[in-house]
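In what follows, a single structure is set out as C-alpha cells and then discussed.
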Number of protein chains: 2
Amino acid sequence: MTAPFEVIKKDAATKARLGRLITAHGVVETPTFMPVGTQGTVKAMLPRDLKETGCQIVLGNTYHLYLRPGADLIRELGGLHRFMGWDGPILTDSGGYQVFSLGAMRRIAEEGAHFQSHLDGSTHLLTPEKVVEIQESLGSDIAMVLDECIPHDATREYVRTSTGRTIRWAERSLKVHARKDQLMFGIVQGGMDENLRDWCVREMTPMPFDGFAVGGLGVGEGEELLQSIGAFTVALLPENRPRYLMGVGQPQDILKGVRAGFDMFDCVIPTRNARNGTLFTSQGKLSIKRAEFANDPRPPDENCACYCCRNFSRGYLRHLYMAGEILSSQLNSLHNLYFYHRLMEMCREAIREGRSDFWTRRRDLKPLYD
Amino acid sequence: MTAPFEVIKKDAATKARLGRLITAHGVVETPTFMPVGTQGTVKAMLPRDLKETGCQIVLGNTYHLYLRPGADLIRELGGLHRFMGWDGPILTDSGGYQVFSLGAMRRIAEEGAHFQSHLDGSTHLLTPEKVVEIQESLGSDIAMVLDECIPHDATREYVRTSTGRTIRWAERSLKVHARKDQLMFGIVQGGMDENLRDWCVREMTPMPFDGFAVGGLGVGEGEELLQSIGAFTVALLPENRPRYLMGVGQPQDILKGVRAGFDMFDCVIPTRNARNGTLFTSQGKLSIKRAEFANDPRPPDENCACYCCRNFSRGYLRHLYMAGEILSSQLNSLHNLYFYHRLMEMCREAIREGRSDFWTRRRDLKPLYD
C-alpha cells in the first residue's frame, strides 16, 4: 500500500501544508474540516446536500453509535457508510471525549473507561480493544484510539498518570487493530504542560500510526493556551503524517491551526450554532433572530454562493427561526457548513498559490482574523 | 385571458377528469395534490426537494402568515413566492378553517370572524375584504374566499344561517378582488345536508369564480358522509372549472375524490404523519418506530424511486426516528410527498390512457383501496 498521506506543498510564510490523505472511500484534500455526525447523521443535512457544501469527510461518534443503535446492528446493515448513505470517507472518534463529558457518570481505570449511558443509565466498559472492535464493525476509514481527555485544570500528577495510561492504551489498540482498509490515528495528550506533551509525542510517534491527533484542547483552557500548546505540539509531530486538531473550532481558531501546521479539524460549532440561529459570514457572525433582520431582503452573506444565500433572505430565515420551523435548522446548517468548507478551500488555494496575504489580513475576511 | 382551466380528457369508467390549470406561475396538471406550507414552508422540505417529489403547487396559510410574519412584510420582501423560494404556483387558503379550529377563541358575525391569535392572544377581525387584501399582498396564484367551516354536527338551522353568510361573504370578496394575476375560488358549504349544499352551489356558481372548492368535509363526519356529500356536491359543480376538495386527506379518500370528479386536494397528512414516523407505501402504512424494523435493510417501499427509498434502509430510518434526529422528519416527509405526488401522477396516467383497472383494484396498490 502506498503511504496514505502525502504533503504536496508547504507554505513559505507559515507552517501550513497542502496534503492528500488517501482512504478506502476516497481522497481527502487537506487542510480539511470534518462536520460531526454524532448519531449517524450530520444534523439536518441530507448526505447529498452535505456533499454540495464541499464536505469531503464526516466524523462519526463511536460512543453514541455504540449505545444506539449499536455497532453490530450497523455492521449487519452494511456498515456506517451504507447505513447513513454517505459514500465518502468517515473518521470515527474513540468516544474518549464523550466519556470525559459524562463527569460523575464515568470512572477511568487501567483496563478502560467505566461509564453509565446518558440514555438509560446502563453501565458499560469501553476498553481500548473494545473501541477498536467497535470501529472495525462500523467500518470507518479512519479509527481513533481510546484516550483520556484531561480537564484543562488537572494537576500535573494527574496529567502524568493519565497520559501514561493513554500511551499504554495506544499500544494496546495497535495490537488488536486488524482491519486493513482502515487507518488508525494516535492521540497526543499531556494537558497544558509542554514537557508532558513532548514526552507523549516521543512515546507515541514511533508507533506505526497513520496519523496523529492532538487532544485535550478546546476544553475551556482559553484561546491562548489552545494556540500555544497546539502550536508547540504540532511542531513535534512527524511531517509525513496527517495532524489532526480535535474538536476545534471557531473559524479563527482553525485558521491559526492551519498556520501552525494542522491538517484536519472537526467541531460541532457550525451545525450547533446553525440550530441556535447563528450564521457565519465573511463579515462575522450574524444572529438571525435579531429584530433588525425581519425585513432585510439580503442573503445572510452577500459573498456566499450556497443554496441558502442564493435563494433566501435574512427576513425569511429570521421568520423560520422565530416560527420554530425545521427548515431553519436545515438552511442555517447548510450555509454554515458551506462557509466552513469554503474557508478550508481558501486555505488550500492560498498554500497552492503561495498567496501569503491570506494568512495575514485579507480585507474580505477581516472578521475571521479578529 | 384564456380560460384558466381546461378539461383535457374525461375518464370513461368514472367521473375523473384530466385537466390543466393555468396560473401566473405555471401550469398545474390535475388531478393534483397540494402539500401544506403553513408558515411559509412545507415543513422539513427545501423547495428544490419539494419540486423533486413531483410537487406542482403549494398551499399557504393566510391565517398563519397574517399573524406571523405579517402580509405587509412578505409583500415588502417581494411576495410569498420570493419569500419562501418557491417559483411554482401557490394557493392560499382564506383562514376560515384555522379560525374554525380556534373554538372558544373565535366568534363569527356578519362582518367577519373575530378571533384571538393562538400566538399571543391578541384580538383580530378577519373580514372577507381583509382576507382578499391579505392574499393580494401575499401574491398567491389562487386566492380562496373567506368562508365559515361548519362543525359536522351543527343544527340544520345553524348550517342554513352560516351558509347564507358564507354566500354573502363570497359576493363581498369578489367585489374587492382586484389583482388580475390571481385566480379566486369560491367555497361551497352547506354542512351534511344535500338540500343546503345544493342551495349553496346554486347561489355560488353563477358568481364569476375561477374555480370552486367544497369545504366542511373531513372534519369528523366520518368516511361515509365525507364521500357521499363530496360526490353529491361535486356533481353539481360546473364542468369547466377546477373543483377542489379541501383538507382531504388519506390516499384512499383522494382516490375516491378523483373518481367523483375532484381535481385538487390538500392535506397535512403526508407531512404531519412523516414527522410522527408514519410512512405511506404501496403496501400500506408503515410505522417506522416499530422494533421489527431495527435491522431491516429494505427501503420503506421497494416500489418507490424517491431519494429516501433509493438511499436508506428501514433500519436507518427507525434509528433516526428513535434518536429524535431532524433528518428523520426530512427523509420521511420527502418520501411521503413523493408517494402522494406519484399517486396523483398515476391518476392522471390512468385517465390519459383509459386504464380503468386503476380505479378498481390494481394489485400493486391494493392497500390503497382498503
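We name chains A, B, ... following the order of the C-alpha cells; residues begin at 1 in each chain, and ligands are numbered from 1 as shown.
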
Hand me chain B as it sits after a least-squares fit onto chain A over every Cα, paired in order, written as a tab-separated table (two decimals) with C-alpha atoms, in the first residue's frame.
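Listed below is the output, result_4.tsv:
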chain	number	residue	atom	x	y	z
B	1	MET	CA	0.02	0.03	-0.01
B	2	THR	CA	1.19	3.52	-0.88
B	3	ALA	CA	1.61	5.93	1.99
B	4	PRO	CA	-1.84	7.14	2.94
B	5	PHE	CA	-0.66	10.73	3.27
B	6	GLU	CA	1.35	13.00	1.09
B	7	VAL	CA	2.39	16.61	1.65
B	8	ILE	CA	2.02	18.31	-1.71
B	9	LYS	CA	3.24	21.76	-0.83
B	10	LYS	CA	4.43	23.66	2.20
B	11	ASP	CA	3.55	27.29	2.62
B	12	ALA	CA	6.52	29.66	2.56
B	13	ALA	CA	5.22	32.20	5.05
B	14	THR	CA	3.64	29.84	7.61
B	15	LYS	CA	3.80	26.20	8.68
B	16	ALA	CA	0.67	25.40	6.70
B	17	ARG	CA	0.75	22.39	4.40
B	18	LEU	CA	-1.29	21.25	1.44
B	19	GLY	CA	-1.80	17.50	1.52
B	20	ARG	CA	-3.69	14.47	0.27
B	21	LEU	CA	-4.99	11.78	2.59
B	22	ILE	CA	-5.92	8.55	0.83
B	23	THR	CA	-8.69	6.47	2.40
B	24	ALA	CA	-10.70	3.43	1.35
B	25	HIS	CA	-13.57	5.76	0.38
B	26	GLY	CA	-11.61	8.39	-1.45
B	27	VAL	CA	-9.04	11.11	-1.21
B	28	VAL	CA	-9.26	13.97	1.29
B	29	GLU	CA	-7.53	17.19	0.40
B	30	THR	CA	-6.04	18.83	3.46
B	31	PRO	CA	-6.33	21.11	5.34
B	32	THR	CA	-9.88	19.88	5.83
B	33	PHE	CA	-12.80	20.30	8.18
B	34	MET	CA	-14.95	17.34	9.27
B	35	PRO	CA	-18.59	18.03	10.21
B	36	VAL	CA	-19.77	15.98	13.17
B	37	GLY	CA	-22.33	13.24	12.52
B	38	THR	CA	-22.98	12.27	16.12
B	39	GLN	CA	-25.76	9.76	15.68
B	40	GLY	CA	-25.15	8.63	12.11
B	41	THR	CA	-26.29	11.93	10.59
B	42	VAL	CA	-24.82	15.39	10.33
B	43	LYS	CA	-27.83	17.02	11.91
B	44	ALA	CA	-30.42	18.41	9.48
B	45	MET	CA	-28.33	17.57	6.40
B	46	LEU	CA	-29.22	15.16	3.60
B	47	PRO	CA	-25.96	13.45	2.55
B	48	ARG	CA	-26.26	14.92	-0.94
B	49	ASP	CA	-26.59	18.42	0.50
B	50	LEU	CA	-23.61	17.76	2.72
B	51	LYS	CA	-21.56	16.86	-0.35
B	52	GLU	CA	-22.75	20.02	-2.05
B	53	THR	CA	-21.37	22.15	0.81
B	54	GLY	CA	-17.91	20.88	-0.11
B	55	CYS	CA	-17.71	18.26	2.62
B	56	GLN	CA	-15.04	15.63	1.96
B	57	ILE	CA	-15.08	13.61	5.16
B	58	VAL	CA	-17.52	13.17	8.03
B	59	LEU	CA	-16.87	12.38	11.68
B	60	GLY	CA	-18.94	9.68	13.40
B	61	ASN	CA	-19.23	9.20	17.16
B	62	THR	CA	-18.26	5.78	18.44
B	63	TYR	CA	-19.79	6.40	21.87
B	64	HIS	CA	-23.20	7.40	20.51
B	65	LEU	CA	-23.39	4.74	17.81
B	66	TYR	CA	-22.23	2.04	20.24
B	67	LEU	CA	-25.11	2.90	22.58
B	68	ARG	CA	-27.69	3.43	19.84
B	69	PRO	CA	-28.35	1.67	17.53
B	70	GLY	CA	-25.28	-0.49	18.31
B	71	ALA	CA	-22.22	-1.32	16.23
B	72	ASP	CA	-23.36	-4.88	15.45
B	73	LEU	CA	-26.60	-3.63	14.00
B	74	ILE	CA	-24.77	-1.11	11.82
B	75	ARG	CA	-22.37	-3.82	10.62
B	76	GLU	CA	-25.35	-6.05	9.86
B	77	LEU	CA	-26.88	-3.26	7.77
B	78	GLY	CA	-23.69	-2.95	5.73
B	79	GLY	CA	-21.51	-0.65	7.82
B	80	LEU	CA	-21.72	3.02	8.70
B	81	HIS	CA	-21.28	4.33	5.14
B	82	ARG	CA	-24.21	2.34	3.82
B	83	PHE	CA	-26.24	2.93	6.99
B	84	MET	CA	-26.06	6.71	6.74
B	85	GLY	CA	-25.93	6.93	2.97
B	86	TRP	CA	-22.54	8.63	2.87
B	87	ASP	CA	-20.11	7.12	0.37
B	88	GLY	CA	-17.19	9.43	1.18
B	89	PRO	CA	-14.57	8.98	3.89
B	90	ILE	CA	-15.60	8.70	7.55
B	91	LEU	CA	-13.45	9.16	10.63
B	92	THR	CA	-14.81	7.73	13.87
B	93	ASP	CA	-13.68	9.15	17.17
B	94	SER	CA	-12.89	6.85	20.07
B	95	GLY	CA	-15.55	8.00	22.50
B	96	GLY	CA	-12.87	9.35	24.84
B	97	TYR	CA	-14.21	12.86	24.72
B	98	GLN	CA	-17.85	11.79	25.19
B	99	VAL	CA	-16.92	9.65	28.20
B	100	PHE	CA	-14.91	12.58	29.60
B	101	SER	CA	-18.01	14.75	29.21
B	102	LEU	CA	-20.07	12.37	31.35
B	103	GLY	CA	-18.43	13.73	34.52
B	104	ALA	CA	-19.62	11.84	37.59
B	105	MET	CA	-21.08	9.13	35.39
B	106	ARG	CA	-17.64	7.75	34.43
B	107	ARG	CA	-14.57	6.25	36.09
B	108	ILE	CA	-11.25	5.75	34.34
B	109	ALA	CA	-9.15	2.71	35.21
B	110	GLU	CA	-6.17	0.98	33.62
B	111	GLU	CA	-8.39	-1.48	31.78
B	112	GLY	CA	-10.55	1.23	30.26
B	113	ALA	CA	-13.38	3.69	30.87
B	114	HIS	CA	-16.31	2.59	33.00
B	115	PHE	CA	-19.37	4.73	32.39
B	116	GLN	CA	-23.12	4.95	32.57
B	117	SER	CA	-25.12	5.52	29.40
B	118	HIS	CA	-26.62	9.01	29.12
B	119	LEU	CA	-29.65	7.33	27.54
B	120	ASP	CA	-30.72	4.77	30.13
B	121	GLY	CA	-28.09	4.73	32.91
B	122	SER	CA	-26.89	1.24	31.95
B	123	THR	CA	-23.24	0.53	32.86
B	124	HIS	CA	-20.55	-0.08	30.25
B	125	LEU	CA	-16.81	-0.59	29.96
B	126	LEU	CA	-15.00	0.79	26.95
B	127	THR	CA	-11.52	-0.68	26.69
B	128	PRO	CA	-9.01	0.28	24.00
B	129	GLU	CA	-9.56	-3.13	22.44
B	130	LYS	CA	-13.34	-2.78	22.52
B	131	VAL	CA	-13.13	0.64	20.89
B	132	VAL	CA	-11.03	-0.79	18.05
B	133	GLU	CA	-13.54	-3.60	17.65
B	134	ILE	CA	-16.49	-1.21	17.52
B	135	GLN	CA	-14.83	0.96	14.91
B	136	GLU	CA	-13.97	-2.09	12.84
B	137	SER	CA	-17.64	-3.03	12.96
B	138	LEU	CA	-18.65	0.46	11.92
B	139	GLY	CA	-16.16	0.23	9.06
B	140	SER	CA	-14.95	3.81	9.21
B	141	ASP	CA	-11.98	4.83	7.07
B	142	ILE	CA	-10.06	6.28	9.99
B	143	ALA	CA	-10.28	4.93	13.54
B	144	MET	CA	-9.10	6.82	16.59
B	145	VAL	CA	-7.53	5.13	19.63
B	146	LEU	CA	-9.19	5.40	23.01
B	147	ASP	CA	-7.64	8.19	25.04
B	148	GLU	CA	-8.46	10.05	28.19
B	149	CYS	CA	-9.36	13.66	27.58
B	150	ILE	CA	-7.96	15.50	30.61
B	151	PRO	CA	-9.61	18.55	32.22
B	152	HIS	CA	-7.54	21.64	31.47
B	153	ASP	CA	-7.11	22.36	35.18
B	154	ALA	CA	-6.03	18.85	36.20
B	155	THR	CA	-2.97	18.59	38.50
B	156	ARG	CA	0.39	17.86	36.90
B	157	GLU	CA	0.43	14.54	38.72
B	158	TYR	CA	-2.93	13.55	37.29
B	159	VAL	CA	-1.94	14.62	33.81
B	160	ARG	CA	1.23	12.52	34.03
B	161	THR	CA	-0.66	9.44	35.25
B	162	SER	CA	-3.42	9.84	32.71
B	163	THR	CA	-1.07	10.51	29.79
B	164	GLY	CA	0.96	7.39	30.65
B	165	ARG	CA	-2.26	5.39	30.52
B	166	THR	CA	-3.27	6.98	27.20
B	167	ILE	CA	0.12	5.89	25.82
B	168	ARG	CA	-0.39	2.31	27.04
B	169	TRP	CA	-3.90	2.34	25.58
B	170	ALA	CA	-2.45	3.39	22.23
B	171	GLU	CA	-0.10	0.38	22.27
B	172	ARG	CA	-2.95	-1.95	23.19
B	173	SER	CA	-5.09	-0.52	20.37
B	174	LEU	CA	-2.47	-1.16	17.69
B	175	LYS	CA	-2.03	-4.74	18.88
B	176	VAL	CA	-5.62	-5.66	18.13
B	177	HIS	CA	-6.27	-3.50	15.09
B	178	ALA	CA	-6.77	-5.88	12.18
B	179	ARG	CA	-8.83	-4.12	9.53
B	180	LYS	CA	-6.54	-3.39	6.60
B	181	ASP	CA	-8.83	-0.88	4.89
B	182	GLN	CA	-8.98	1.30	7.99
B	183	LEU	CA	-6.34	3.83	9.01
B	184	MET	CA	-5.65	4.37	12.70
B	185	PHE	CA	-4.60	7.59	14.37
B	186	GLY	CA	-2.91	8.03	17.74
B	187	ILE	CA	-3.89	10.85	20.08
B	188	VAL	CA	-1.39	13.05	21.89
B	189	GLN	CA	-2.46	14.19	25.34
B	190	GLY	CA	-0.29	15.81	28.04
B	191	GLY	CA	-2.51	18.58	29.32
B	192	MET	CA	-1.28	22.17	29.37
B	193	ASP	CA	2.30	21.09	30.16
B	194	GLU	CA	4.81	21.31	27.30
B	195	ASN	CA	7.11	18.73	28.90
B	196	LEU	CA	4.32	16.20	29.18
B	197	ARG	CA	3.17	16.93	25.61
B	198	ASP	CA	6.74	16.44	24.44
B	199	TRP	CA	6.99	13.16	26.36
B	200	CYS	CA	3.69	11.92	24.94
B	201	VAL	CA	4.76	12.75	21.39
B	202	ARG	CA	8.10	10.94	21.87
B	203	GLU	CA	6.33	7.84	23.18
B	204	MET	CA	3.56	7.89	20.59
B	205	THR	CA	5.24	8.82	17.32
B	206	PRO	CA	7.44	5.74	16.99
B	207	MET	CA	4.25	3.66	16.96
B	208	PRO	CA	3.01	2.79	13.46
B	209	PHE	CA	0.03	5.11	13.41
B	210	ASP	CA	-1.24	6.53	10.12
B	211	GLY	CA	-1.70	9.95	11.65
B	212	PHE	CA	-1.68	11.83	14.92
B	213	ALA	CA	-4.26	13.89	16.68
B	214	VAL	CA	-3.76	16.44	19.38
B	215	GLY	CA	-6.44	16.07	22.03
B	216	GLY	CA	-7.40	17.81	25.22
B	217	LEU	CA	-7.59	21.26	23.67
B	218	GLY	CA	-10.65	23.43	23.27
B	219	VAL	CA	-11.94	22.21	26.64
B	220	GLY	CA	-12.05	25.51	28.50
B	221	GLU	CA	-8.32	26.30	28.69
B	222	GLY	CA	-8.77	29.58	26.82
B	223	GLU	CA	-7.67	30.91	23.48
B	224	GLU	CA	-4.04	31.49	24.43
B	225	LEU	CA	-3.26	28.02	25.78
B	226	LEU	CA	-5.22	26.42	22.95
B	227	GLN	CA	-2.97	28.13	20.42
B	228	SER	CA	0.32	27.82	22.29
B	229	ILE	CA	-0.02	24.17	23.30
B	230	GLY	CA	-1.44	23.36	19.88
B	231	ALA	CA	1.42	25.03	18.02
B	232	PHE	CA	4.00	23.55	20.38
B	233	THR	CA	2.69	20.01	19.95
B	234	VAL	CA	2.06	20.03	16.22
B	235	ALA	CA	5.65	21.15	15.62
B	236	LEU	CA	6.86	17.93	17.27
B	237	LEU	CA	4.77	15.66	15.07
B	238	PRO	CA	6.22	13.83	12.04
B	239	GLU	CA	5.94	15.75	8.79
B	240	ASN	CA	4.77	12.83	6.72
B	241	ARG	CA	1.66	12.04	8.70
B	242	PRO	CA	-1.63	13.93	8.89
B	243	ARG	CA	-2.06	16.06	12.00
B	244	TYR	CA	-5.50	16.49	13.45
B	245	LEU	CA	-6.53	19.13	15.99
B	246	MET	CA	-9.52	17.52	17.67
B	247	GLY	CA	-12.70	19.44	18.47
B	248	VAL	CA	-11.51	22.82	17.18
B	249	GLY	CA	-13.41	25.05	16.49
B	250	GLN	CA	-14.20	28.64	15.63
B	251	PRO	CA	-13.11	29.76	12.12
B	252	GLN	CA	-10.30	31.91	13.52
B	253	ASP	CA	-9.01	28.99	15.65
B	254	ILE	CA	-8.98	26.77	12.60
B	255	LEU	CA	-7.09	29.38	10.57
B	256	LYS	CA	-4.47	29.58	13.32
B	257	GLY	CA	-4.36	25.79	13.45
B	258	VAL	CA	-3.72	25.60	9.72
B	259	ARG	CA	-0.94	28.19	10.02
B	260	ALA	CA	0.61	26.11	12.80
B	261	GLY	CA	0.67	23.00	10.59
B	262	PHE	CA	-2.53	21.11	11.37
B	263	ASP	CA	-4.25	19.29	8.53
B	264	MET	CA	-7.59	18.19	9.97
B	265	PHE	CA	-10.26	19.70	12.20
B	266	ASP	CA	-13.69	18.82	13.50
B	267	CYS	CA	-16.26	20.66	15.55
B	268	VAL	CA	-19.99	20.81	16.23
B	269	ILE	CA	-19.92	24.62	16.08
B	270	PRO	CA	-21.14	25.15	12.50
B	271	THR	CA	-24.12	22.81	12.90
B	272	ARG	CA	-24.96	23.54	16.54
B	273	ASN	CA	-24.73	27.29	16.06
B	274	ALA	CA	-26.90	26.93	12.97
B	275	ARG	CA	-29.68	25.39	15.02
B	276	ASN	CA	-29.31	28.22	17.53
B	277	GLY	CA	-29.68	30.80	14.76
B	278	THR	CA	-26.05	31.90	14.43
B	279	LEU	CA	-24.72	32.18	10.91
B	280	PHE	CA	-21.06	32.51	9.94
B	281	THR	CA	-20.35	35.05	7.24
B	282	SER	CA	-17.36	36.76	5.69
B	283	GLN	CA	-18.40	39.80	7.72
B	284	GLY	CA	-18.52	37.95	11.03
B	285	LYS	CA	-21.22	36.14	12.94
B	286	LEU	CA	-24.85	37.03	12.45
B	287	SER	CA	-27.59	36.21	14.95
B	288	ILE	CA	-30.56	35.69	12.67
B	289	LYS	CA	-33.14	36.13	15.41
B	290	ARG	CA	-32.41	39.86	15.78
B	291	ALA	CA	-35.37	42.13	15.01
B	292	GLU	CA	-33.30	44.22	12.60
B	293	PHE	CA	-33.32	41.32	10.12
B	294	ALA	CA	-37.12	41.00	10.00
B	295	ASN	CA	-37.42	42.90	6.72
B	296	ASP	CA	-33.86	42.51	5.46
B	297	PRO	CA	-33.98	41.32	1.83
B	298	ARG	CA	-30.27	40.46	1.71
B	299	PRO	CA	-28.95	36.91	1.92
B	300	PRO	CA	-27.01	35.99	5.08
B	301	ASP	CA	-23.71	36.58	3.28
B	302	GLU	CA	-23.54	38.53	0.05
B	303	ASN	CA	-20.21	36.87	-0.77
B	304	CYS	CA	-21.60	33.35	-0.39
B	305	ALA	CA	-22.74	31.07	-3.21
B	306	CYS	CA	-24.51	28.41	-1.12
B	307	TYR	CA	-28.07	27.28	-1.81
B	308	CYS	CA	-29.30	29.21	1.21
B	309	CYS	CA	-27.69	32.51	0.21
B	310	ARG	CA	-28.71	32.09	-3.43
B	311	ASN	CA	-32.39	31.67	-2.56
B	312	PHE	CA	-33.37	33.17	0.77
B	313	SER	CA	-33.36	36.49	2.60
B	314	ARG	CA	-32.39	37.25	6.16
B	315	GLY	CA	-36.03	38.22	6.66
B	316	TYR	CA	-37.18	34.74	5.67
B	317	LEU	CA	-34.52	33.00	7.74
B	318	ARG	CA	-35.46	35.08	10.76
B	319	HIS	CA	-39.12	34.16	10.24
B	320	LEU	CA	-38.27	30.44	10.06
B	321	TYR	CA	-36.23	30.69	13.24
B	322	MET	CA	-38.90	32.62	15.16
B	323	ALA	CA	-41.60	30.21	13.98
B	324	GLY	CA	-39.54	27.21	15.12
B	325	GLU	CA	-39.55	25.67	11.65
B	326	ILE	CA	-37.34	22.65	10.88
B	327	LEU	CA	-36.31	24.37	7.65
B	328	SER	CA	-34.48	26.95	9.80
B	329	SER	CA	-32.04	24.28	11.02
B	330	GLN	CA	-31.72	22.87	7.52
B	331	LEU	CA	-30.89	26.14	5.77
B	332	ASN	CA	-28.67	27.51	8.55
B	333	SER	CA	-26.69	24.25	8.76
B	334	LEU	CA	-26.28	24.14	5.02
B	335	HIS	CA	-24.97	27.69	4.99
B	336	ASN	CA	-22.58	27.30	7.94
B	337	LEU	CA	-21.07	24.10	6.59
B	338	TYR	CA	-20.64	25.72	3.19
B	339	PHE	CA	-18.86	28.58	4.94
B	340	TYR	CA	-16.51	26.25	6.81
B	341	HIS	CA	-15.71	24.14	3.77
B	342	ARG	CA	-15.17	27.20	1.61
B	343	LEU	CA	-12.79	28.54	4.26
B	344	MET	CA	-10.77	25.32	4.11
B	345	GLU	CA	-10.78	25.51	0.32
B	346	MET	CA	-9.41	29.06	0.55
B	347	CYS	CA	-6.65	27.79	2.83
B	348	ARG	CA	-5.73	25.13	0.30
B	349	GLU	CA	-5.79	27.68	-2.54
B	350	ALA	CA	-3.61	30.05	-0.53
B	351	ILE	CA	-0.98	27.34	0.07
B	352	ARG	CA	-1.16	26.06	-3.50
B	353	GLU	CA	-0.79	29.53	-4.99
B	354	GLY	CA	1.55	30.94	-2.35
B	355	ARG	CA	-0.84	33.78	-1.51
B	356	SER	CA	0.65	34.85	1.78
B	357	ASP	CA	-1.79	37.75	2.18
B	358	PHE	CA	-4.43	35.16	3.05
B	359	TRP	CA	-2.69	34.39	6.33
B	360	THR	CA	-2.47	37.94	7.50
B	361	ARG	CA	-5.36	40.25	6.72
B	362	ARG	CA	-7.40	39.86	3.64
B	363	ARG	CA	-9.95	42.61	3.61
B	364	ASP	CA	-12.87	40.44	2.62
B	365	LEU	CA	-12.21	38.08	5.52
B	366	LYS	CA	-11.30	40.65	8.14
B	367	PRO	CA	-13.69	39.41	10.82
B	368	LEU	CA	-12.10	35.97	10.66
B	369	TYR	CA	-8.83	37.36	11.97
B	370	ASP	CA	-10.30	39.28	14.87

Apply DSSP to the structure's backbone, then extract all residues of range 47-110 of chain B labelled helix (DSSP H, G or I) and return them as JSON, numbers by chain. {"B": [47, 48, 49, 50, 51, 52, 62, 63, 64, 65, 66, 67, 71, 72, 73, 74, 75, 76, 80, 81, 82, 83, 84, 96, 97, 98, 99, 100, 101, 103, 104, 105]}

Please return, as a count of residues only, all residues of range 151-302 of chain A that DSSP assigns to strand (DSSP E) on the basis of the backbone. 25
